[in-house]
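J.: Below is the file work13.cif, with mmCIF, C-alpha atoms.
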```cif
data_query
#
loop_
_atom_site.label_atom_id
_atom_site.label_comp_id
_atom_site.auth_asym_id
_atom_site.auth_seq_id
_atom_site.Cartn_x
_atom_site.Cartn_y
_atom_site.Cartn_z
CA MET A 23 165.75 242.88 115.83
CA ALA A 24 169.13 241.94 117.29
CA ALA A 25 169.91 242.85 120.88
CA SER A 26 172.29 245.77 121.19
CA THR A 27 175.69 245.24 122.73
CA THR A 28 177.12 247.40 125.44
CA PRO A 29 180.77 248.42 125.94
CA ALA A 30 180.90 245.89 128.81
CA ASP A 31 179.77 243.13 126.41
CA GLU A 32 182.49 244.12 123.95
CA HIS A 33 185.16 244.06 126.67
CA ARG A 34 183.96 240.65 127.86
CA ALA A 35 184.06 239.29 124.32
CA ALA A 36 187.66 240.49 123.90
CA GLY A 37 188.89 238.25 126.74
CA PRO A 38 189.94 234.62 126.25
CA GLN A 39 187.12 232.10 126.00
CA GLN A 40 189.17 229.42 127.76
CA VAL A 41 191.14 230.18 130.91
CA ARG A 42 193.71 227.89 132.55
CA CYS A 43 192.72 227.45 136.20
CA ALA A 44 194.25 225.86 139.27
CA VAL A 45 192.09 224.76 142.20
CA ILE A 46 193.38 224.67 145.77
CA THR A 47 191.29 223.38 148.66
CA VAL A 48 192.37 224.39 152.15
CA SER A 49 191.16 221.92 154.76
CA ASP A 50 192.40 220.06 157.80
CA THR A 51 189.71 217.38 157.48
CA ARG A 52 188.97 216.72 153.80
CA THR A 53 190.73 214.55 151.27
CA LEU A 54 190.56 214.92 147.49
CA GLU A 55 187.97 212.13 147.53
CA THR A 56 185.73 213.90 150.09
CA ASP A 57 186.32 217.45 148.85
CA ARG A 58 182.91 218.25 147.38
CA SER A 59 183.61 221.98 147.07
CA GLY A 60 186.85 221.53 145.14
CA SER A 61 185.14 218.99 142.90
CA LEU A 62 182.33 221.47 142.27
CA VAL A 63 184.82 224.21 141.33
CA VAL A 64 186.37 221.84 138.79
CA GLU A 65 182.97 220.75 137.45
CA LEU A 66 181.71 224.33 136.99
CA LEU A 67 184.94 225.59 135.41
CA GLU A 68 185.13 222.70 132.95
CA GLY A 69 181.40 222.97 132.25
CA ALA A 70 182.00 226.58 131.20
CA GLY A 71 184.80 225.52 128.84
CA HIS A 72 187.78 226.42 131.01
CA GLN A 73 190.79 224.16 131.54
CA VAL A 74 191.69 222.94 135.02
CA VAL A 75 195.47 222.54 134.96
CA GLY A 76 195.80 221.25 138.50
CA ARG A 77 194.10 220.60 141.79
CA VAL A 78 195.62 220.20 145.26
CA LEU A 79 194.47 220.01 148.84
CA VAL A 80 196.54 221.59 151.64
CA PRO A 81 196.04 221.93 155.39
CA ASP A 82 195.11 225.33 156.81
CA GLU A 83 198.70 226.31 157.54
CA PRO A 84 199.97 229.62 156.12
CA ARG A 85 203.28 228.20 154.88
CA ARG A 86 201.55 225.38 152.99
CA ILE A 87 198.90 227.72 151.54
CA ARG A 88 201.57 230.21 150.38
CA HIS A 89 203.57 227.42 148.80
CA ALA A 90 200.56 225.98 146.95
CA VAL A 91 199.50 229.37 145.58
CA GLY A 92 203.11 230.27 144.76
CA GLU A 93 203.53 227.11 142.68
CA TRP A 94 200.84 228.36 140.30
CA LEU A 95 201.98 231.99 140.36
CA HIS A 96 205.59 231.20 139.53
CA GLY A 97 204.94 228.23 137.26
CA GLY A 98 203.05 230.34 134.75
CA THR A 99 200.66 227.52 133.88
CA ALA A 100 197.53 229.03 135.47
CA ASP A 101 195.77 232.26 134.55
CA ALA A 102 193.49 231.99 137.58
CA VAL A 103 193.83 230.29 140.95
CA LEU A 104 190.68 229.44 142.87
CA VAL A 105 191.19 228.70 146.56
CA THR A 106 188.32 227.26 148.58
CA GLY A 107 188.19 226.91 152.35
CA GLY A 108 189.66 228.59 155.39
CA THR A 109 187.79 231.89 154.98
CA GLY A 110 185.77 231.82 158.18
CA ILE A 111 186.65 233.34 161.53
CA SER A 112 187.73 230.32 163.55
CA PRO A 113 191.33 230.30 164.80
CA ARG A 114 192.36 227.74 162.11
CA ASP A 115 190.88 229.81 159.24
CA ARG A 116 193.97 231.55 157.91
CA THR A 117 193.49 231.44 154.14
CA TYR A 118 192.26 235.03 153.89
CA GLU A 119 195.27 236.64 155.58
CA THR A 120 197.76 234.35 153.86
CA VAL A 121 196.53 234.85 150.30
CA ARG A 122 195.56 238.50 150.65
CA ALA A 123 199.16 239.31 151.65
CA LEU A 124 200.25 238.10 148.18
CA PHE A 125 197.98 240.46 146.21
CA ALA A 126 199.57 243.23 144.17
CA ARG A 127 196.07 244.58 143.54
CA GLU A 128 192.95 243.63 145.45
CA LEU A 129 189.49 243.35 143.86
CA PRO A 130 187.33 244.46 146.80
CA GLY A 131 184.17 244.38 144.69
CA PHE A 132 184.33 240.60 144.50
CA GLY A 133 184.03 240.11 148.26
CA GLU A 134 181.44 242.87 148.57
CA LEU A 135 179.25 241.41 145.83
CA PHE A 136 179.71 237.86 147.12
CA ARG A 137 178.53 238.85 150.60
CA MET A 138 175.57 240.80 149.17
CA LEU A 139 174.46 237.81 147.08
CA SER A 140 175.13 235.45 149.96
CA TYR A 141 173.02 237.62 152.26
CA GLN A 142 170.09 237.14 149.89
CA GLU A 143 170.46 233.37 150.34
CA ILE A 144 171.56 232.88 153.97
CA GLY A 145 170.85 236.17 155.73
CA PRO A 146 173.16 237.90 158.19
CA ALA A 147 175.52 234.93 158.48
CA ALA A 148 176.93 236.21 155.16
CA MET A 149 178.98 238.72 157.16
CA LEU A 150 181.11 235.85 158.45
CA SER A 151 182.56 235.20 155.00
CA ARG A 152 185.93 236.65 154.12
CA ALA A 153 185.76 235.82 150.41
CA THR A 154 188.18 237.99 148.46
CA ALA A 155 190.01 238.27 145.16
CA GLY A 156 193.10 239.95 143.81
CA VAL A 157 195.76 240.01 141.15
CA VAL A 158 199.39 238.93 141.28
CA GLY A 159 201.24 239.62 138.04
CA HIS A 160 199.07 238.22 135.26
CA THR A 161 197.16 235.84 137.54
CA VAL A 162 193.79 236.41 139.19
CA ILE A 163 193.24 234.71 142.55
CA PHE A 164 189.84 234.05 144.09
CA VAL A 165 189.46 233.00 147.73
CA LEU A 166 186.12 231.29 148.38
CA PRO A 167 184.41 229.75 151.39
CA GLY A 168 184.48 225.97 151.58
CA SER A 169 180.76 225.24 151.32
CA THR A 170 179.30 223.97 148.07
CA GLY A 171 176.57 226.61 148.22
CA ALA A 172 179.14 229.40 148.43
CA VAL A 173 181.23 227.87 145.64
CA ARG A 174 178.22 227.57 143.35
CA LEU A 175 177.11 231.14 144.10
CA ALA A 176 180.57 232.64 143.55
CA LEU A 177 181.24 230.78 140.32
CA GLN A 178 177.83 231.08 138.70
CA LYS A 179 177.03 234.67 139.64
CA LEU A 180 180.46 236.34 139.70
CA ILE A 181 183.49 234.40 138.49
CA LEU A 182 182.31 232.60 135.35
CA PRO A 183 180.58 235.62 133.79
CA GLU A 184 183.75 237.74 134.14
CA LEU A 185 186.68 235.31 134.13
CA GLY A 186 187.78 235.78 130.52
CA HIS A 187 187.33 239.54 130.81
CA LEU A 188 189.46 239.67 133.97
CA ILE A 189 192.24 237.62 132.39
CA GLY A 190 192.17 239.78 129.27
CA LEU A 191 192.59 242.88 131.43
CA VAL A 192 195.51 241.55 133.50
CA ARG A 193 197.31 240.38 130.36
CA LYS A 194 197.32 243.86 128.85
CA SER A 195 200.66 245.62 128.66
CA THR A 196 201.01 248.86 130.54
#
```
Would you mind giving the structure from this file in structure tokens?
T.:
Amino acid sequence: MAASTTPADEHRAAGPQQVRCAVITVSDTRTLETDRSGSLVVELLEGAGHQVVGRVLVPDEPRRIRHAVGEWLHGGTADAVLVTGGTGISPRDRTYETVRALFARELPGFGELFRMLSYQEIGPAAMLSRATAGVVGHTVIFVLPGSTGAVRLALQKLILPELGHLIGLVRKST
């Protein structure tokens, strides 16, 4: 007997199977060669059949972060932008405020679910994460912590299962 499908399954299936993604790492200390988290984002996206259309590394400076994200928003070549790094609470961690200010619509459930899942793995330190997501135009933006464990958790448990569905929803006409 075949498994029954739910309305959520049908909505997921209606989204694109391949999404064009840009990856931005925010770090004052890493290079593209030493950026394990950014490399993992690329590996997981491509492993799931998505296309990585670009990858950059920028220092944790609001102007540079805004510019890097804006390049993908205004260029129209990325359906999703994944930003990793700069989400902690140290004085140099400014990714959260910078990117969140760009959102037309925030997806608060992403950060809430990420912290819940993270709590199951690392305990109360999960509250230090300011992972978030939102939408600008027809582009979904995810802001992830810079650790490989956090990247793996966010992509495998949250982003990859819903990415096509999210893009399908933001592409709909009003």
J.: Between A:Val48, A:Ile181, A:Ala35, A:Leu67, which residue has the minimum interatomic distance to Glu83 (chain A), considering all atoms listed in the file?
T.: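 Ranking A:Val48, A:Ile181, A:Ala35, A:Leu67 by distance to Glu83 (chain A), first place goes to A:Val48.
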J.: Taking all atoms listed in the file into account, which of A:Thr51, A:Arg42, A:Gly98, A:Gly107 comes nearest Gly76 (chain A)?
T.: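 Using all atoms listed in the file, Gly76 (chain A) sits closest to A:Arg42.
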J.: For CA of Ala148 (chain A) and CA of Thr120 (chain A), quote the distance in Å rounded to one decimal.
T.: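 Value for the CA of Ala148 (chain A)-CA of Thr120 (chain A) distance: 21.0 Å.
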J.: Applied to this file, what does the PyMOL selection byres ((chain A and resi 84-93) around 9) return in terms of residues, put as a PDB file with C-alpha atoms, in the coordinates of the input?
T.:
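The resulting result_15.pdb:
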```
ATOM      1  CA  ALA A  44     194.250 225.860 139.270  1.00  0.00           C
ATOM      2  CA  ILE A  46     193.380 224.670 145.770  1.00  0.00           C
ATOM      3  CA  VAL A  48     192.370 224.390 152.150  1.00  0.00           C
ATOM      4  CA  VAL A  78     195.620 220.200 145.260  1.00  0.00           C
ATOM      5  CA  LEU A  79     194.470 220.010 148.840  1.00  0.00           C
ATOM      6  CA  VAL A  80     196.540 221.590 151.640  1.00  0.00           C
ATOM      7  CA  PRO A  81     196.040 221.930 155.390  1.00  0.00           C
ATOM      8  CA  ASP A  82     195.110 225.330 156.810  1.00  0.00           C
ATOM      9  CA  GLU A  83     198.700 226.310 157.540  1.00  0.00           C
ATOM     10  CA  TRP A  94     200.840 228.360 140.300  1.00  0.00           C
ATOM     11  CA  LEU A  95     201.980 231.990 140.360  1.00  0.00           C
ATOM     12  CA  HIS A  96     205.590 231.200 139.530  1.00  0.00           C
ATOM     13  CA  GLY A  97     204.940 228.230 137.260  1.00  0.00           C
ATOM     14  CA  GLY A  98     203.050 230.340 134.750  1.00  0.00           C
ATOM     15  CA  VAL A 103     193.830 230.290 140.950  1.00  0.00           C
ATOM     16  CA  VAL A 105     191.190 228.700 146.560  1.00  0.00           C
ATOM     17  CA  ARG A 116     193.970 231.550 157.910  1.00  0.00           C
ATOM     18  CA  THR A 117     193.490 231.440 154.140  1.00  0.00           C
ATOM     19  CA  GLU A 119     195.270 236.640 155.580  1.00  0.00           C
ATOM     20  CA  THR A 120     197.760 234.350 153.860  1.00  0.00           C
ATOM     21  CA  VAL A 121     196.530 234.850 150.300  1.00  0.00           C
ATOM     22  CA  LEU A 124     200.250 238.100 148.180  1.00  0.00           C
ATOM     23  CA  ILE A 163     193.240 234.710 142.550  1.00  0.00           C
TER      24      ILE A 163
END
```
J.: Taking 6 positions as the minimum chain separation for residues in the same chain, which residues sit within 9 Å of Gly108 (chain A) when counting all atoms listed in the file? Answer as a VMD selection string.
T.: chain A and resid 47 to 49 82 114 to 118 152 165 to 168
J.: In Å, how far is it from CA of Gly171 (chain A) to CA of Val192 (chain A)?
T.: 28.3 Å
J.: What gap, in Å, lies between CA of Glu134 (chain A) and CA of Gln73 (chain A)?
T.: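 A separation of 27.0 Å between them.
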J.: Quick one: everything within 9 Å of Val63 (chain A), counting all atoms listed in the file, minus sequence neighbours fewer than 4 positions away in the same chain. Send it as a tab-separated table (two decimals) with C-alpha atoms, in the coordinates of the input.
T.:
```tsv
chain	number	residue	atom	x	y	z
A	45	VAL	CA	192.09	224.76	142.20
A	58	ARG	CA	182.91	218.25	147.38
A	59	SER	CA	183.61	221.98	147.07
A	67	LEU	CA	184.94	225.59	135.41
A	68	GLU	CA	185.13	222.70	132.95
A	104	LEU	CA	190.68	229.44	142.87
A	106	THR	CA	188.32	227.26	148.58
A	170	THR	CA	179.30	223.97	148.07
A	173	VAL	CA	181.23	227.87	145.64
A	174	ARG	CA	178.22	227.57	143.35
A	177	LEU	CA	181.24	230.78	140.32
```
J.: Considering all atoms listed in the file, can you say which of A:Arg52, A:His72, A:Leu139, A:Lys179 comes closest to Pro38 (chain A)?
T.: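 Looking at the shortest contact to Pro38 (chain A), the residue is A:His72.
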J.: Kindly indicate which residue among A:Phe125, A:Lys194, A:Thr109, A:Asp101 lies nearest to Ala153 (chain A), using all atoms listed in the file for the distances.
T.: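 Of A:Phe125, A:Lys194, A:Thr109, A:Asp101, the one nearest Ala153 (chain A), counting all atoms listed in the file, is A:Thr109.
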J.: If the PyMOL selection byres ((chain A and resi 132) around 10) were run on this exact file, what residues would it hold? Put them as a PyMOL selection string.
T.: chain A and resi 128-131+133-138+153-156+164-165+176+180-181
J.: Quick one: of A:Arg193, A:Gly186, A:Gly159, A:Glu143, who's nearest to Gly37 (chain A), counting only C-alpha atoms?
T.: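 Looking only at the distances to Gly37 (chain A), the closest residue turns out to be A:Gly186.
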J.: Could you check the closest approach to Leu150 (chain A) for each of A:Gly190, A:Pro183, A:Gly69, A:Gly110 and tell me which residue wins, using all atoms listed in the file?
T.: A:Gly110
